[in-house]
Amino acid sequence: MDSRLFRLMAMLAALAAPVPAQAAYSQAYITRIEELADAYEAEFEKLIALNAQIDAAPTMADACALLPRTIEQIAIARYAVERVADFAKANGDMESYDRAASQFDRLWQMEVSYKVRGEDICS
């Protein structure tokens with residue numbers, strides 16, 4: 001498998017870590033942050049699938065045709081993880097905030113990388 005896929009899966013696993021029990025967050029908070037994390041996970045899985053399609057594309061033209069949708073999906077996943085980060089921060093859960101903010105930064109870097117790659121390779 002492509003190393004990008006492994007990085008994507010590692011990013012997803014980092015966010016899926018449980019909310020720390022010692023913080024004693026309310027059940028309502030835990031339920032909501034899990035809902036937001038699940039929404040992010042669903043968008044992230046779409047990104048993994050698109051990345052796999054790019055890797056499996058029979059021609060460079062086919063891969064290039066998938067880049068705009070992949071870049072759009074990165075932005076959607078970035079927005080979803082931003083919602084996790086904002087909710088965690090607003091509720092004082094800095095550990096979850098830090099994990100989500102890290103995912104946001106990685107997705108931002110990925111989006112820039114895909115845009116540059118698209119311009120370099122697909123133009």
# chains A, B, ... in the order shown; residues from 1 in each chain; ligands from 1

call {"tool": "select_by_dssp", "arguments": {"residues": "stretch 15-121 of chain A", "states": "alpha helix (DSSP H)", "output": "number ranges by chain"}}
result
A: 15, 27-56, 60-90, 94-121

call {"tool": "residues_around", "arguments": {"residues": "A:Met94", "least_positions_apart": "3", "cutoff": "12 Å", "atoms": "only C-alpha atoms", "output": "VMD selection string"}}
result
chain A and resid 19 to 20 23 25 84 to 91 97 to 102

call {"tool": "write_last_selection", "arguments": {"atoms": "C-alpha atoms", "output": "PDB file, in the first residue's frame"}}
result
ATOM      1  CA  VAL A  19     -11.798  10.895  25.765  1.00  0.00           C
ATOM      2  CA  PRO A  20      -9.672  10.852  28.922  1.00  0.00           C
ATOM      3  CA  ALA A  23     -11.280  14.635  33.159  1.00  0.00           C
ATOM      4  CA  TYR A  25     -16.654  15.018  31.408  1.00  0.00           C
ATOM      5  CA  VAL A  84     -14.407  18.476  16.980  1.00  0.00           C
ATOM      6  CA  ALA A  85     -11.589  20.829  17.998  1.00  0.00           C
ATOM      7  CA  ASP A  86     -13.909  23.785  18.572  1.00  0.00           C
ATOM      8  CA  PHE A  87     -16.324  21.731  20.679  1.00  0.00           C
ATOM      9  CA  ALA A  88     -13.526  20.195  22.748  1.00  0.00           C
ATOM     10  CA  LYS A  89     -11.892  23.563  23.365  1.00  0.00           C
ATOM     11  CA  ALA A  90     -15.187  25.209  24.310  1.00  0.00           C
ATOM     12  CA  ASN A  91     -15.657  22.476  26.915  1.00  0.00           C
ATOM     13  CA  TYR A  97      -8.633  19.683  21.266  1.00  0.00           C
ATOM     14  CA  ASP A  98      -4.901  19.133  20.748  1.00  0.00           C
ATOM     15  CA  ARG A  99      -5.487  15.839  18.920  1.00  0.00           C
ATOM     16  CA  ALA A 100      -8.154  17.370  16.683  1.00  0.00           C
ATOM     17  CA  ALA A 101      -6.079  20.499  16.042  1.00  0.00           C
ATOM     18  CA  SER A 102      -3.160  18.286  15.033  1.00  0.00           C
TER      19      SER A 102
END

call {"tool": "closest_atom_pairs", "arguments": {"of": "stretch 76-107 of chain A", "to": "stretch 33-46 of chain A", "cutoff": "7 Å", "atoms": "only C-alpha atoms", "output": "JSON lines"}}
result
{"residue": "A:Ile76", "atom": "CA", "partner": "A:Glu43", "partner_atom": "CA", "distance": 6.9}
{"residue": "A:Ala77", "atom": "CA", "partner": "A:Glu43", "partner_atom": "CA", "distance": 5.2}
{"residue": "A:Ala80", "atom": "CA", "partner": "A:Tyr40", "partner_atom": "CA", "distance": 4.9}
{"residue": "A:Val81", "atom": "CA", "partner": "A:Tyr40", "partner_atom": "CA", "distance": 5.6}
{"residue": "A:Arg83", "atom": "CA", "partner": "A:Leu36", "partner_atom": "CA", "distance": 7.0}
{"residue": "A:Val84", "atom": "CA", "partner": "A:Leu36", "partner_atom": "CA", "distance": 5.6}

call {"tool": "residues_around", "arguments": {"residues": "A:Ala75", "least_positions_apart": "5", "cutoff": "8 Å", "atoms": "only C-alpha atoms", "output": "PyMOL selection string"}}
result
chain A and resi 107-108+111

call {"tool": "write_last_selection", "arguments": {"atoms": "N, CA and C atoms", "output": "PDB file, in the first residue's frame"}}
result
ATOM      1  N   LEU A 107      -4.304  17.803   7.820  1.00  0.00           N
ATOM      2  CA  LEU A 107      -5.188  17.882   6.652  1.00  0.00           C
ATOM      3  C   LEU A 107      -4.905  19.138   5.843  1.00  0.00           C
ATOM      4  N   TRP A 108      -4.610  20.234   6.512  1.00  0.00           N
ATOM      5  CA  TRP A 108      -4.265  21.474   5.813  1.00  0.00           C
ATOM      6  C   TRP A 108      -3.010  21.256   4.968  1.00  0.00           C
ATOM      7  N   GLU A 111      -3.844  19.110   2.010  1.00  0.00           N
ATOM      8  CA  GLU A 111      -4.560  19.851   0.969  1.00  0.00           C
ATOM      9  C   GLU A 111      -3.587  20.672   0.130  1.00  0.00           C
TER      10      GLU A 111
END

call {"tool": "residues_around", "arguments": {"residues": "A:Lys115", "least_positions_apart": "4", "cutoff": "9 Å", "atoms": "only C-alpha atoms", "output": "PyMOL selection string"}}
result
chain A and resi 67-68+71+110-111+119-120

call {"tool": "write_last_selection", "arguments": {"atoms": "N, CA and C atoms", "output": "PDB file, in the first residue's frame"}}
result
ATOM      1  N   LEU A  67      -8.137  14.330  -8.542  1.00  0.00           N
ATOM      2  CA  LEU A  67      -7.552  15.288  -7.602  1.00  0.00           C
ATOM      3  C   LEU A  67      -8.522  16.371  -7.130  1.00  0.00           C
ATOM      4  N   PRO A  68      -9.305  17.002  -8.000  1.00  0.00           N
ATOM      5  CA  PRO A  68     -10.214  18.046  -7.494  1.00  0.00           C
ATOM      6  C   PRO A  68     -11.194  17.517  -6.444  1.00  0.00           C
ATOM      7  N   ILE A  71      -9.237  16.897  -3.198  1.00  0.00           N
ATOM      8  CA  ILE A  71      -8.949  18.157  -2.506  1.00  0.00           C
ATOM      9  C   ILE A  71     -10.206  18.673  -1.812  1.00  0.00           C
ATOM     10  N   MET A 110      -1.896  18.426   3.882  1.00  0.00           N
ATOM     11  CA  MET A 110      -2.233  17.486   2.823  1.00  0.00           C
ATOM     12  C   MET A 110      -2.928  18.205   1.674  1.00  0.00           C
ATOM     13  N   GLU A 111      -3.844  19.110   2.010  1.00  0.00           N
ATOM     14  CA  GLU A 111      -4.560  19.851   0.969  1.00  0.00           C
ATOM     15  C   GLU A 111      -3.587  20.672   0.130  1.00  0.00           C
ATOM     16  N   GLU A 119      -0.885  20.850  -9.573  1.00  0.00           N
ATOM     17  CA  GLU A 119      -0.367  21.867 -10.488  1.00  0.00           C
ATOM     18  C   GLU A 119       0.890  21.378 -11.196  1.00  0.00           C
ATOM     19  N   ASP A 120       1.766  20.696 -10.451  1.00  0.00           N
ATOM     20  CA  ASP A 120       3.026  20.227 -11.029  1.00  0.00           C
ATOM     21  C   ASP A 120       2.834  19.077 -12.011  1.00  0.00           C
TER      22      ASP A 120
END

call {"tool": "residues_around", "arguments": {"residues": "stretch 59-64 of chain A", "least_positions_apart": "2", "cutoff": "12 Å", "atoms": "only C-alpha atoms", "output": "list in words"}}
result
Leu50, Asn51, Ala52, Gln53, Ile54, Asp55, Ala56, Ala57, Leu66, Leu67, Pro68, Arg69, Thr70, Ile71, Tyr114, Lys115, Arg117, Gly118, Glu119, Asp120, Ile121, Cys122 and Ser123 of chain A

call {"tool": "atom_distance", "arguments": {"atom1": "atom CA of A:Tyr29", "atom2": "atom CA of A:Ser96"}}
result
11.9 Å

call {"tool": "closest_residue", "arguments": {"among": "A:Asp105, A:Glu82, A:Glu72, A:Glu95", "to": "A:Leu47", "atoms": "only C-alpha atoms"}}
result
A:Glu72
